[in-house]
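Novice: Quick one: the structure is below, and I'll ask about it shortly.
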Amino acid sequence: MASAQFDLRTRLASGEPFLFSWMTVPSPLLAGQVARLPFDGVCLDMQHGMIGFPDAVGMIAAINAAARPALVRSLWNDAATPGQCFDAGAKCVIAPMVNTRAQAELLVRAAKYPPMGSRSWGGYTAQQAAGLTPAEYLREANRMSMVFAMVETAEALENVEAIAATPGLDGLFVGPSDLSIALSKGAGIDKTGKETLAAMQKVAAAAKKNGLVAGAFGGSAEVIKSYLGLGFTFIAAAVDVDLMQWGAAELNRALRV
Ligand code: 3PY
Ligand code: MG
């Protein structure tokens with residue numbers, strides 16, 4: 001019997017903005033709290049957050065228990081991590097630094113069961129949490145498990161059409177910090193600079209042409225608004241430690257007037 005699991009694919013297909021929190025602190029306790037904040041999902045950052053796979057297992061369970069989708073930004077674009085994260089119950093994996101069509105194909109192979117890919121069988125935790133039989137899980141897994149390729153280098157931008165056309169890929173996700181560092185040849189980070197936004201427009205167009213979800217890392221209201229205006233709908237809204245800092249600053253302001 002299938003349980004009521006969050007259907008991320010259907011939610012994203014609605015085209016409504018999906019704004020999620022971004023966690024860097026390795027704590028299942030905090031993940032359960034963050035999952036109950038008014039965001040649409042929670043992403044665990046295994047690349048730049050301090051979150052390893054054993055941490056992620058408990059965090060994913062805590063997020064699922066709050067009936068929110070757990071997303072993971074993997075440490076790197078490798079053949080093992082997507083399957084491992086989906087086995088643990090994540091609904092989406094965002095892989096960093098996907099620069100070529102071949103790298104996008106590797107990502108899809110790692111994330112999807114045949115015929116789309118060659119993910120290895122063993123999603124017992126995810127299967128049981130979803131209340132599915134093995135046969136049902138096999139039938140549903142490619143639909144339940146979404147993969148996004150990060151576009152965040154000059155090379156990826158150059159290849160974005162070919163990356164976006166990769167069969168089985170579900171979305172593109174811009175890392176605007178790395179992208180702006182690359183485009184400025186190391187001069188600086190400019191998440192809403194002219195050159196960055198023009199590059200992001202190209203990514204959004206490639207996603208749209210191929211029926212993919214267009215995503216990006218936002219991080220503040222001003223940045224998120226400009227990305228929504230470009231057609232991005234899947235946006236990392238705020239980082240856990242930023243939320244604490246903003247809350248503390250707000251309280252201080254209120255107390256000191
Ligand atoms: C980037 O902006 O480069 C990212 O990877 C977001 O964390
Ligand atoms: Mg990056």
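Just remember, in the structure tokens the first chain shown is A, the second B, etc., residues are 1-based per chain, and ligands are 1-based in the order shown.
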What do you get as a PyMOL selection string if you pick all residues at most 6 Å from ligand 1, counting only C-alpha atoms and all ligand atoms?
Specialist: chain A and resi 175-178+217
Novice: How would you report the residues lying within 12 Å of ligand 2, as a ChimeraX atom specification, if you count only C-alpha atoms and all ligand atoms?
Specialist: /A:45-49,73-76,94-98,149-153,173-182,189,191,216-218
Novice: Write a file of the just-selected residues containing N, CA and C atoms, as a compact mmCIF listing (two decimals), in the first residue's frame.
Specialist:
```
# COMPACT_ATOMS: atom_id res chain seq x y z
N ASP A 45 23.24 20.35 1.79
CA ASP A 45 24.41 20.64 0.95
C ASP A 45 25.59 19.78 1.38
N MET A 46 25.84 18.71 0.59
CA MET A 46 26.96 17.82 0.90
C MET A 46 28.26 18.30 0.24
N GLN A 47 28.16 19.39 -0.56
CA GLN A 47 29.39 19.91 -1.17
C GLN A 47 30.05 20.95 -0.27
N HIS A 48 29.30 21.99 0.07
CA HIS A 48 29.90 23.06 0.88
C HIS A 48 29.34 23.12 2.30
N GLY A 49 28.26 22.37 2.55
CA GLY A 49 27.80 22.23 3.93
C GLY A 49 28.69 21.22 4.63
N ARG A 73 22.28 18.37 -2.45
CA ARG A 73 23.30 18.81 -3.41
C ARG A 73 24.52 17.95 -3.09
N SER A 74 24.90 17.11 -4.06
CA SER A 74 25.95 16.13 -3.82
C SER A 74 27.33 16.78 -3.77
N LEU A 75 28.26 16.01 -3.20
CA LEU A 75 29.64 16.49 -3.08
C LEU A 75 30.26 16.72 -4.45
N TRP A 76 29.94 15.82 -5.39
CA TRP A 76 30.49 15.93 -6.74
C TRP A 76 29.58 15.16 -7.68
N ILE A 94 20.95 17.25 -6.78
CA ILE A 94 21.49 18.35 -7.58
C ILE A 94 23.01 18.14 -7.63
N ALA A 95 23.54 17.88 -8.82
CA ALA A 95 24.97 17.55 -8.91
C ALA A 95 25.78 18.77 -9.36
N PRO A 96 26.84 19.09 -8.65
CA PRO A 96 27.62 20.28 -9.00
C PRO A 96 28.49 20.08 -10.24
N MET A 97 28.84 21.21 -10.86
CA MET A 97 29.87 21.25 -11.90
C MET A 97 29.66 20.21 -13.02
N VAL A 98 28.47 20.18 -13.57
CA VAL A 98 28.21 19.31 -14.73
C VAL A 98 28.52 20.14 -15.97
N ALA A 149 21.25 19.01 -13.07
CA ALA A 149 22.67 19.25 -13.39
C ALA A 149 22.98 20.71 -13.10
N MET A 150 24.01 20.96 -12.31
CA MET A 150 24.38 22.36 -12.04
C MET A 150 25.16 22.94 -13.21
N VAL A 151 24.73 24.12 -13.62
CA VAL A 151 25.43 24.88 -14.67
C VAL A 151 26.10 26.03 -13.95
N GLU A 152 27.41 25.97 -13.85
CA GLU A 152 28.10 26.99 -13.04
C GLU A 152 29.53 27.25 -13.50
N THR A 153 29.81 26.91 -14.76
CA THR A 153 31.13 27.21 -15.33
C THR A 153 30.92 27.74 -16.75
N PHE A 173 20.32 23.60 -12.80
CA PHE A 173 20.39 24.39 -11.56
C PHE A 173 21.64 25.26 -11.63
N VAL A 174 21.41 26.55 -11.65
CA VAL A 174 22.54 27.48 -11.76
C VAL A 174 23.16 27.75 -10.39
N GLY A 175 24.48 27.64 -10.34
CA GLY A 175 25.24 28.09 -9.16
C GLY A 175 25.79 29.47 -9.52
N PRO A 176 25.08 30.53 -9.14
CA PRO A 176 25.44 31.87 -9.63
C PRO A 176 26.77 32.39 -9.08
N SER A 177 27.18 31.87 -7.93
CA SER A 177 28.47 32.33 -7.40
C SER A 177 29.60 31.80 -8.28
N ASP A 178 29.64 30.48 -8.45
CA ASP A 178 30.69 29.93 -9.31
C ASP A 178 30.59 30.46 -10.73
N LEU A 179 29.36 30.60 -11.23
CA LEU A 179 29.20 31.07 -12.61
C LEU A 179 29.75 32.49 -12.76
N SER A 180 29.44 33.35 -11.80
CA SER A 180 29.93 34.73 -11.94
C SER A 180 31.44 34.81 -11.72
N ILE A 181 31.97 33.95 -10.87
CA ILE A 181 33.44 33.90 -10.71
C ILE A 181 34.08 33.49 -12.04
N ALA A 182 33.47 32.47 -12.69
CA ALA A 182 34.03 32.00 -13.96
C ALA A 182 33.92 33.07 -15.04
N ILE A 189 32.27 37.89 -7.28
CA ILE A 189 30.97 37.22 -7.25
C ILE A 189 29.91 38.29 -7.47
N LYS A 191 25.97 37.95 -8.27
CA LYS A 191 24.85 37.05 -8.56
C LYS A 191 23.74 37.71 -9.37
N ALA A 216 17.88 27.54 -9.52
CA ALA A 216 19.07 28.35 -9.21
C ALA A 216 19.19 28.52 -7.70
N PHE A 217 20.40 28.81 -7.28
CA PHE A 217 20.64 29.15 -5.88
C PHE A 217 20.38 30.64 -5.72
N GLY A 218 19.44 31.00 -4.87
CA GLY A 218 19.14 32.42 -4.65
C GLY A 218 19.87 32.94 -3.43
```
Novice: Within 9 Å of Val34 (chain A), counting only C-alpha atoms, which residues qualify if same-chain residues fewer than 3 places away don't, as a PyMOL selection string?
Specialist: chain A and resi 21+23+29-31+37-39+42+63+240
Novice: Could you write out the selected residues, including all heavy atoms, as a PDB file, in the first residue's frame?
Specialist:
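And here is the file that came out, again-v2.pdb:
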```pdb
ATOM      1  N   SER A  21      14.630  25.700   1.559  1.00  0.00           N
ATOM      2  CA  SER A  21      15.738  26.080   2.444  1.00  0.00           C
ATOM      3  C   SER A  21      16.952  25.220   2.113  1.00  0.00           C
ATOM      4  O   SER A  21      16.847  24.196   1.442  1.00  0.00           O
ATOM      5  CB  SER A  21      15.324  25.897   3.901  1.00  0.00           C
ATOM      6  OG  SER A  21      14.883  24.575   4.095  1.00  0.00           O
ATOM      7  N   MET A  23      20.460  23.562   3.823  1.00  0.00           N
ATOM      8  CA  MET A  23      21.100  23.269   5.107  1.00  0.00           C
ATOM      9  C   MET A  23      22.580  22.943   4.974  1.00  0.00           C
ATOM     10  O   MET A  23      23.002  22.213   4.079  1.00  0.00           O
ATOM     11  CB  MET A  23      20.393  22.107   5.801  1.00  0.00           C
ATOM     12  CG  MET A  23      19.035  22.500   6.373  1.00  0.00           C
ATOM     13  SD  MET A  23      18.442  21.293   7.583  1.00  0.00           S
ATOM     14  CE  MET A  23      19.579  21.586   8.951  1.00  0.00           C
ATOM     15  N   LEU A  29      18.092  16.815  14.146  1.00  0.00           N
ATOM     16  CA  LEU A  29      17.181  17.599  14.988  1.00  0.00           C
ATOM     17  C   LEU A  29      16.842  18.924  14.305  1.00  0.00           C
ATOM     18  O   LEU A  29      15.677  19.319  14.183  1.00  0.00           O
ATOM     19  CB  LEU A  29      17.870  17.853  16.341  1.00  0.00           C
ATOM     20  CG  LEU A  29      17.044  18.558  17.399  1.00  0.00           C
ATOM     21  CD1 LEU A  29      15.856  17.687  17.798  1.00  0.00           C
ATOM     22  CD2 LEU A  29      17.909  18.858  18.620  1.00  0.00           C
ATOM     23  N   LEU A  30      17.901  19.603  13.823  1.00  0.00           N
ATOM     24  CA  LEU A  30      17.689  20.884  13.155  1.00  0.00           C
ATOM     25  C   LEU A  30      16.942  20.684  11.823  1.00  0.00           C
ATOM     26  O   LEU A  30      16.098  21.501  11.456  1.00  0.00           O
ATOM     27  CB  LEU A  30      19.046  21.577  12.921  1.00  0.00           C
ATOM     28  CG  LEU A  30      18.975  23.033  12.488  1.00  0.00           C
ATOM     29  CD1 LEU A  30      18.277  23.888  13.541  1.00  0.00           C
ATOM     30  CD2 LEU A  30      20.385  23.576  12.222  1.00  0.00           C
ATOM     31  N   ALA A  31      17.242  19.572  11.129  1.00  0.00           N
ATOM     32  CA  ALA A  31      16.568  19.318   9.841  1.00  0.00           C
ATOM     33  C   ALA A  31      15.058  19.212  10.048  1.00  0.00           C
ATOM     34  O   ALA A  31      14.273  19.725   9.239  1.00  0.00           O
ATOM     35  CB  ALA A  31      17.116  18.049   9.200  1.00  0.00           C
ATOM     36  N   LEU A  37       9.664  25.009   8.754  1.00  0.00           N
ATOM     37  CA  LEU A  37       9.616  26.439   8.409  1.00  0.00           C
ATOM     38  C   LEU A  37       8.770  26.592   7.141  1.00  0.00           C
ATOM     39  O   LEU A  37       8.598  25.632   6.392  1.00  0.00           O
ATOM     40  CB  LEU A  37      11.035  26.978   8.179  1.00  0.00           C
ATOM     41  CG  LEU A  37      11.986  26.944   9.385  1.00  0.00           C
ATOM     42  CD1 LEU A  37      13.372  27.431   8.983  1.00  0.00           C
ATOM     43  CD2 LEU A  37      11.448  27.783  10.536  1.00  0.00           C
ATOM     44  N   PRO A  38       8.294  27.797   6.878  1.00  0.00           N
ATOM     45  CA  PRO A  38       7.432  27.953   5.690  1.00  0.00           C
ATOM     46  C   PRO A  38       8.209  28.003   4.373  1.00  0.00           C
ATOM     47  O   PRO A  38       8.239  29.014   3.674  1.00  0.00           O
ATOM     48  CB  PRO A  38       6.699  29.269   5.977  1.00  0.00           C
ATOM     49  CG  PRO A  38       7.596  30.012   6.895  1.00  0.00           C
ATOM     50  CD  PRO A  38       8.349  29.016   7.696  1.00  0.00           C
ATOM     51  N   PHE A  39       8.872  26.891   4.054  1.00  0.00           N
ATOM     52  CA  PHE A  39       9.509  26.713   2.747  1.00  0.00           C
ATOM     53  C   PHE A  39       8.934  25.441   2.134  1.00  0.00           C
ATOM     54  O   PHE A  39       8.332  24.631   2.827  1.00  0.00           O
ATOM     55  CB  PHE A  39      11.026  26.590   2.891  1.00  0.00           C
ATOM     56  CG  PHE A  39      11.702  27.850   3.372  1.00  0.00           C
ATOM     57  CD1 PHE A  39      12.208  27.934   4.660  1.00  0.00           C
ATOM     58  CD2 PHE A  39      11.806  28.962   2.540  1.00  0.00           C
ATOM     59  CE1 PHE A  39      12.817  29.097   5.110  1.00  0.00           C
ATOM     60  CE2 PHE A  39      12.410  30.127   2.989  1.00  0.00           C
ATOM     61  CZ  PHE A  39      12.920  30.200   4.278  1.00  0.00           C
ATOM     62  N   VAL A  42      13.580  21.067   1.686  1.00  0.00           N
ATOM     63  CA  VAL A  42      14.867  21.310   2.353  1.00  0.00           C
ATOM     64  C   VAL A  42      15.965  20.642   1.535  1.00  0.00           C
ATOM     65  O   VAL A  42      15.863  19.453   1.220  1.00  0.00           O
ATOM     66  CB  VAL A  42      14.897  20.702   3.777  1.00  0.00           C
ATOM     67  CG1 VAL A  42      16.197  21.059   4.484  1.00  0.00           C
ATOM     68  CG2 VAL A  42      13.697  21.156   4.592  1.00  0.00           C
ATOM     69  N   ILE A  63      13.207  15.074   7.611  1.00  0.00           N
ATOM     70  CA  ILE A  63      12.496  15.943   6.652  1.00  0.00           C
ATOM     71  C   ILE A  63      11.264  15.207   6.106  1.00  0.00           C
ATOM     72  O   ILE A  63      10.173  15.768   6.022  1.00  0.00           O
ATOM     73  CB  ILE A  63      13.451  16.385   5.515  1.00  0.00           C
ATOM     74  CG1 ILE A  63      14.587  17.232   6.084  1.00  0.00           C
ATOM     75  CG2 ILE A  63      12.683  17.151   4.442  1.00  0.00           C
ATOM     76  CD1 ILE A  63      15.806  17.337   5.184  1.00  0.00           C
ATOM     77  N   ASP A 240      20.557  27.865   6.229  1.00  0.00           N
ATOM     78  CA  ASP A 240      20.241  27.757   7.667  1.00  0.00           C
ATOM     79  C   ASP A 240      20.970  28.799   8.522  1.00  0.00           C
ATOM     80  O   ASP A 240      20.362  29.491   9.346  1.00  0.00           O
ATOM     81  CB  ASP A 240      20.511  26.322   8.184  1.00  0.00           C
ATOM     82  CG  ASP A 240      21.861  25.739   7.786  1.00  0.00           C
ATOM     83  OD1 ASP A 240      22.735  26.490   7.299  1.00  0.00           O
ATOM     84  OD2 ASP A 240      22.061  24.522   7.988  1.00  0.00           O
TER      85      ASP A 240
END
```
Novice: Mind giving me the straight-line distance from CA of Thr125 (chain A) to CA of Gly89 (chain A) in Å, one decimal?
Specialist: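 Between these atoms lies a distance of 6.6 Å.
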Novice: One decimal, in Å: what's the spacing between CA of Ala90 (chain A) and CA of Pro69 (chain A)?
Specialist: 7.1 Å
Novice: Using DSSP assignments from the backbone, pull out every residue in region 11-255 of chain A that falls under alpha helix (DSSP H) and give it to me as a PyMOL selection string.
Specialist: chain A and resi 11-13+28-35+53-65+81-87+101-111+124-129+134-144+154-158+160-164+176-183+194-209+221-229+240-255
Novice: Keeping only C-alpha atoms, write those residues as a short mmCIF file (atom, residue, chain, number, x, y, z; two decimals), in the first residue's frame.
Specialist:
```
data_model
loop_
_atom_site.label_atom_id
_atom_site.label_comp_id
_atom_site.auth_asym_id
_atom_site.auth_seq_id
_atom_site.Cartn_x
_atom_site.Cartn_y
_atom_site.Cartn_z
CA ARG A 11 4.51 19.96 -7.70
CA LEU A 12 7.27 21.23 -9.99
CA ALA A 13 5.22 20.55 -13.13
CA PRO A 28 18.70 15.62 12.13
CA LEU A 29 17.18 17.60 14.99
CA LEU A 30 17.69 20.88 13.15
CA ALA A 31 16.57 19.32 9.84
CA GLY A 32 13.22 18.44 11.44
CA GLN A 33 12.87 22.05 12.61
CA VAL A 34 13.94 23.56 9.30
CA ALA A 35 11.49 21.28 7.47
CA PHE A 53 26.23 10.76 4.10
CA PRO A 54 25.71 9.32 7.64
CA ASP A 55 24.45 12.78 8.70
CA ALA A 56 22.23 13.01 5.62
CA VAL A 57 20.48 9.70 6.40
CA GLY A 58 18.97 10.98 9.66
CA MET A 59 18.28 14.40 8.20
CA ILE A 60 16.39 12.96 5.20
CA ALA A 61 14.28 10.82 7.58
CA ALA A 62 13.49 13.89 9.72
CA ILE A 63 12.50 15.94 6.65
CA ASN A 64 10.31 13.14 5.26
CA ALA A 65 8.66 12.82 8.68
CA THR A 81 25.98 9.36 -4.71
CA PRO A 82 22.62 9.85 -6.48
CA GLY A 83 21.54 6.22 -5.93
CA GLN A 84 22.73 6.33 -2.33
CA CYS A 85 20.74 9.52 -1.60
CA PHE A 86 17.61 8.18 -3.31
CA ASP A 87 17.99 4.91 -1.37
CA ARG A 101 26.87 16.20 -22.18
CA ALA A 102 28.91 13.14 -21.14
CA GLN A 103 28.91 14.31 -17.50
CA ALA A 104 25.14 14.87 -17.66
CA GLU A 105 24.70 11.36 -19.08
CA LEU A 106 26.76 9.94 -16.19
CA LEU A 107 24.45 11.72 -13.76
CA VAL A 108 21.32 10.27 -15.35
CA ARG A 109 22.83 6.77 -15.48
CA ALA A 110 23.60 6.99 -11.76
CA ALA A 111 20.12 8.27 -10.86
CA TYR A 124 14.94 -0.56 0.78
CA THR A 125 14.70 2.48 3.06
CA ALA A 126 13.02 4.67 0.44
CA GLN A 127 10.76 1.86 -0.69
CA GLN A 128 9.55 1.02 2.81
CA ALA A 129 9.16 4.69 3.80
CA PRO A 134 9.70 -3.68 -4.49
CA ALA A 135 7.83 -4.00 -7.80
CA GLU A 136 5.96 -0.76 -7.17
CA TYR A 137 9.14 1.05 -6.16
CA LEU A 138 10.89 -0.11 -9.33
CA ARG A 139 7.97 1.21 -11.37
CA GLU A 140 7.83 4.56 -9.53
CA ALA A 141 11.49 5.27 -8.74
CA ASN A 142 12.46 7.12 -11.93
CA ARG A 143 9.45 9.37 -11.50
CA MET A 144 10.01 9.89 -7.76
CA ALA A 154 31.91 28.83 -18.67
CA GLU A 155 32.25 25.33 -20.17
CA ALA A 156 28.79 24.31 -18.93
CA LEU A 157 27.31 27.50 -20.34
CA GLU A 158 28.94 26.77 -23.69
CA VAL A 160 24.13 24.10 -22.03
CA GLU A 161 22.00 23.12 -25.06
CA ALA A 162 23.57 19.65 -25.24
CA ILE A 163 23.35 19.19 -21.46
CA ALA A 164 19.68 20.23 -21.40
CA PRO A 176 25.44 31.87 -9.63
CA SER A 177 28.47 32.33 -7.40
CA ASP A 178 30.69 29.93 -9.31
CA LEU A 179 29.20 31.07 -12.61
CA SER A 180 29.93 34.73 -11.94
CA ILE A 181 33.44 33.90 -10.71
CA ALA A 182 34.03 32.00 -13.96
CA LEU A 183 32.52 34.67 -16.22
CA LYS A 194 24.45 41.92 -16.18
CA GLU A 195 26.68 39.17 -17.48
CA THR A 196 25.41 36.65 -14.91
CA LEU A 197 21.76 37.39 -15.65
CA ALA A 198 22.36 37.17 -19.41
CA ALA A 199 24.01 33.77 -18.92
CA MET A 200 21.11 32.68 -16.72
CA GLN A 201 18.65 33.71 -19.39
CA LYS A 202 20.42 31.30 -21.74
CA VAL A 203 20.10 28.51 -19.13
CA ALA A 204 16.40 29.23 -18.57
CA ALA A 205 15.77 29.14 -22.34
CA ALA A 206 17.59 25.79 -22.72
CA ALA A 207 15.58 24.35 -19.82
CA LYS A 208 12.29 25.56 -21.29
CA LYS A 209 13.09 24.23 -24.76
CA ALA A 221 14.92 38.15 -1.42
CA GLU A 222 16.47 40.52 -3.94
CA VAL A 223 18.31 37.74 -5.79
CA ILE A 224 15.29 35.41 -5.74
CA LYS A 225 13.03 38.09 -7.22
CA SER A 226 15.38 38.71 -10.13
CA TYR A 227 15.64 34.96 -10.86
CA LEU A 228 11.85 34.51 -10.72
CA GLY A 229 11.67 37.29 -13.30
CA ASP A 240 20.24 27.76 7.67
CA VAL A 241 23.02 29.89 9.19
CA ASP A 242 21.79 33.00 7.32
CA LEU A 243 18.30 32.47 8.75
CA MET A 244 19.81 32.48 12.26
CA GLN A 245 21.81 35.62 11.55
CA TRP A 246 18.86 37.43 9.99
CA GLY A 247 16.63 36.45 12.92
CA ALA A 248 19.20 37.62 15.46
CA ALA A 249 19.76 40.91 13.62
CA GLU A 250 16.01 41.52 13.41
CA LEU A 251 15.53 40.85 17.14
CA ASN A 252 18.41 43.15 17.99
CA ARG A 253 16.99 45.92 15.82
CA ALA A 254 13.59 45.54 17.48
CA LEU A 255 15.08 45.59 21.00
#
```
Novice: Could you tell me how far CA of Leu230 (chain A) sits from CA of Gly193 (chain A), in Å to one decimal place?
Specialist: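 Going from CA of Gly193 (chain A) over to CA of Leu230 (chain A) covers 13.3 Å.
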Novice: Report as a VMD selection string: the residues of region 31-256 of chain A with a DSSP assignment of strand (DSSP E or B), based on the backbone of this structure.
Specialist: chain A and resid 42 to 45 70 to 73 92 to 95 146 to 151 171 to 174 213 to 217 234 to 239
Novice: Write the residues you've just listed into a file as a compact mmCIF listing (two decimals), in the first residue's frame, and include N, CA, C and O atoms for each of them.
Specialist:
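Output contents, as saved in result07.txt:
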```
# COMPACT_ATOMS: atom_id res chain seq x y z
N VAL A 42 13.58 21.07 1.69
CA VAL A 42 14.87 21.31 2.35
C VAL A 42 15.96 20.64 1.53
O VAL A 42 15.86 19.45 1.22
N CYS A 43 17.01 21.40 1.21
CA CYS A 43 18.15 20.81 0.50
C CYS A 43 19.35 20.68 1.44
O CYS A 43 19.70 21.63 2.14
N LEU A 44 19.95 19.50 1.46
CA LEU A 44 21.14 19.26 2.28
C LEU A 44 22.36 19.44 1.39
O LEU A 44 22.50 18.78 0.36
N ASP A 45 23.24 20.35 1.79
CA ASP A 45 24.41 20.64 0.95
C ASP A 45 25.59 19.78 1.38
O ASP A 45 26.28 20.06 2.36
N ALA A 70 12.91 16.02 0.71
CA ALA A 70 14.34 16.20 1.01
C ALA A 70 15.11 16.20 -0.31
O ALA A 70 14.96 15.30 -1.14
N LEU A 71 15.92 17.23 -0.49
CA LEU A 71 16.76 17.36 -1.68
C LEU A 71 18.20 17.29 -1.21
O LEU A 71 18.51 17.62 -0.06
N VAL A 72 19.10 16.89 -2.09
CA VAL A 72 20.52 16.84 -1.72
C VAL A 72 21.35 17.49 -2.82
O VAL A 72 21.14 17.19 -4.00
N ARG A 73 22.28 18.37 -2.45
CA ARG A 73 23.30 18.81 -3.41
C ARG A 73 24.52 17.95 -3.09
O ARG A 73 25.06 18.00 -1.98
N CYS A 92 15.35 14.36 -4.67
CA CYS A 92 16.02 15.09 -5.74
C CYS A 92 17.51 15.19 -5.42
O CYS A 92 17.88 15.42 -4.27
N VAL A 93 18.34 15.00 -6.45
CA VAL A 93 19.78 15.22 -6.29
C VAL A 93 20.22 16.29 -7.29
O VAL A 93 19.86 16.23 -8.47
N ILE A 94 20.95 17.25 -6.78
CA ILE A 94 21.49 18.35 -7.58
C ILE A 94 23.01 18.14 -7.63
O ILE A 94 23.66 18.19 -6.59
N ALA A 95 23.54 17.88 -8.82
CA ALA A 95 24.97 17.55 -8.91
C ALA A 95 25.78 18.77 -9.36
O ALA A 95 25.41 19.42 -10.35
N MET A 146 14.33 12.84 -8.83
CA MET A 146 14.65 13.85 -9.84
C MET A 146 16.13 14.23 -9.79
O MET A 146 16.71 14.30 -8.71
N VAL A 147 16.71 14.47 -10.97
CA VAL A 147 18.12 14.90 -10.99
C VAL A 147 18.30 16.21 -11.73
O VAL A 147 17.79 16.39 -12.84
N PHE A 148 19.07 17.07 -11.11
CA PHE A 148 19.38 18.39 -11.68
C PHE A 148 20.89 18.48 -11.92
O PHE A 148 21.68 18.10 -11.05
N ALA A 149 21.25 19.01 -13.07
CA ALA A 149 22.67 19.25 -13.39
C ALA A 149 22.98 20.71 -13.10
O ALA A 149 22.28 21.61 -13.60
N MET A 150 24.01 20.96 -12.31
CA MET A 150 24.38 22.36 -12.04
C MET A 150 25.16 22.94 -13.21
O MET A 150 26.11 22.34 -13.71
N VAL A 151 24.73 24.12 -13.62
CA VAL A 151 25.43 24.88 -14.67
C VAL A 151 26.10 26.03 -13.95
O VAL A 151 25.43 26.94 -13.45
N GLY A 171 16.23 18.63 -14.64
CA GLY A 171 16.34 20.07 -14.49
C GLY A 171 17.77 20.57 -14.56
O GLY A 171 18.72 19.79 -14.48
N LEU A 172 17.88 21.89 -14.74
CA LEU A 172 19.18 22.57 -14.68
C LEU A 172 19.16 23.43 -13.42
O LEU A 172 18.10 23.96 -13.03
N PHE A 173 20.32 23.60 -12.80
CA PHE A 173 20.39 24.39 -11.56
C PHE A 173 21.64 25.26 -11.63
O PHE A 173 22.76 24.75 -11.69
N VAL A 174 21.41 26.55 -11.65
CA VAL A 174 22.54 27.48 -11.76
C VAL A 174 23.16 27.75 -10.39
O VAL A 174 22.44 28.04 -9.43
N VAL A 213 12.97 21.64 -15.58
CA VAL A 213 12.75 22.64 -14.55
C VAL A 213 13.99 23.54 -14.48
O VAL A 213 15.12 23.03 -14.51
N ALA A 214 13.77 24.85 -14.41
CA ALA A 214 14.90 25.79 -14.30
C ALA A 214 15.09 26.17 -12.84
O ALA A 214 14.18 26.73 -12.21
N GLY A 215 16.26 25.85 -12.30
CA GLY A 215 16.53 26.12 -10.89
C GLY A 215 17.78 26.95 -10.70
O GLY A 215 18.62 27.06 -11.60
N ALA A 216 17.88 27.54 -9.52
CA ALA A 216 19.07 28.35 -9.21
C ALA A 216 19.19 28.52 -7.70
O ALA A 216 18.20 28.42 -6.97
N PHE A 217 20.40 28.81 -7.28
CA PHE A 217 20.64 29.15 -5.88
C PHE A 217 20.38 30.64 -5.72
O PHE A 217 21.04 31.46 -6.37
N PHE A 234 12.57 26.98 -9.39
CA PHE A 234 13.06 26.06 -8.35
C PHE A 234 14.29 26.74 -7.73
O PHE A 234 15.38 26.73 -8.30
N ILE A 235 14.05 27.40 -6.59
CA ILE A 235 15.09 28.31 -6.09
C ILE A 235 15.42 28.06 -4.63
O ILE A 235 14.52 27.98 -3.78
N ALA A 236 16.73 27.92 -4.36
CA ALA A 236 17.19 27.82 -2.97
C ALA A 236 17.03 29.21 -2.36
O ALA A 236 17.66 30.17 -2.79
N ALA A 237 16.15 29.28 -1.34
CA ALA A 237 15.77 30.60 -0.83
C ALA A 237 16.71 31.10 0.25
O ALA A 237 17.09 32.28 0.25
N ALA A 238 17.07 30.25 1.20
CA ALA A 238 17.84 30.74 2.34
C ALA A 238 18.64 29.62 2.99
O ALA A 238 18.17 28.49 3.11
N VAL A 239 19.84 29.99 3.45
CA VAL A 239 20.75 29.04 4.09
C VAL A 239 20.47 29.04 5.60
O VAL A 239 20.21 30.11 6.18
```
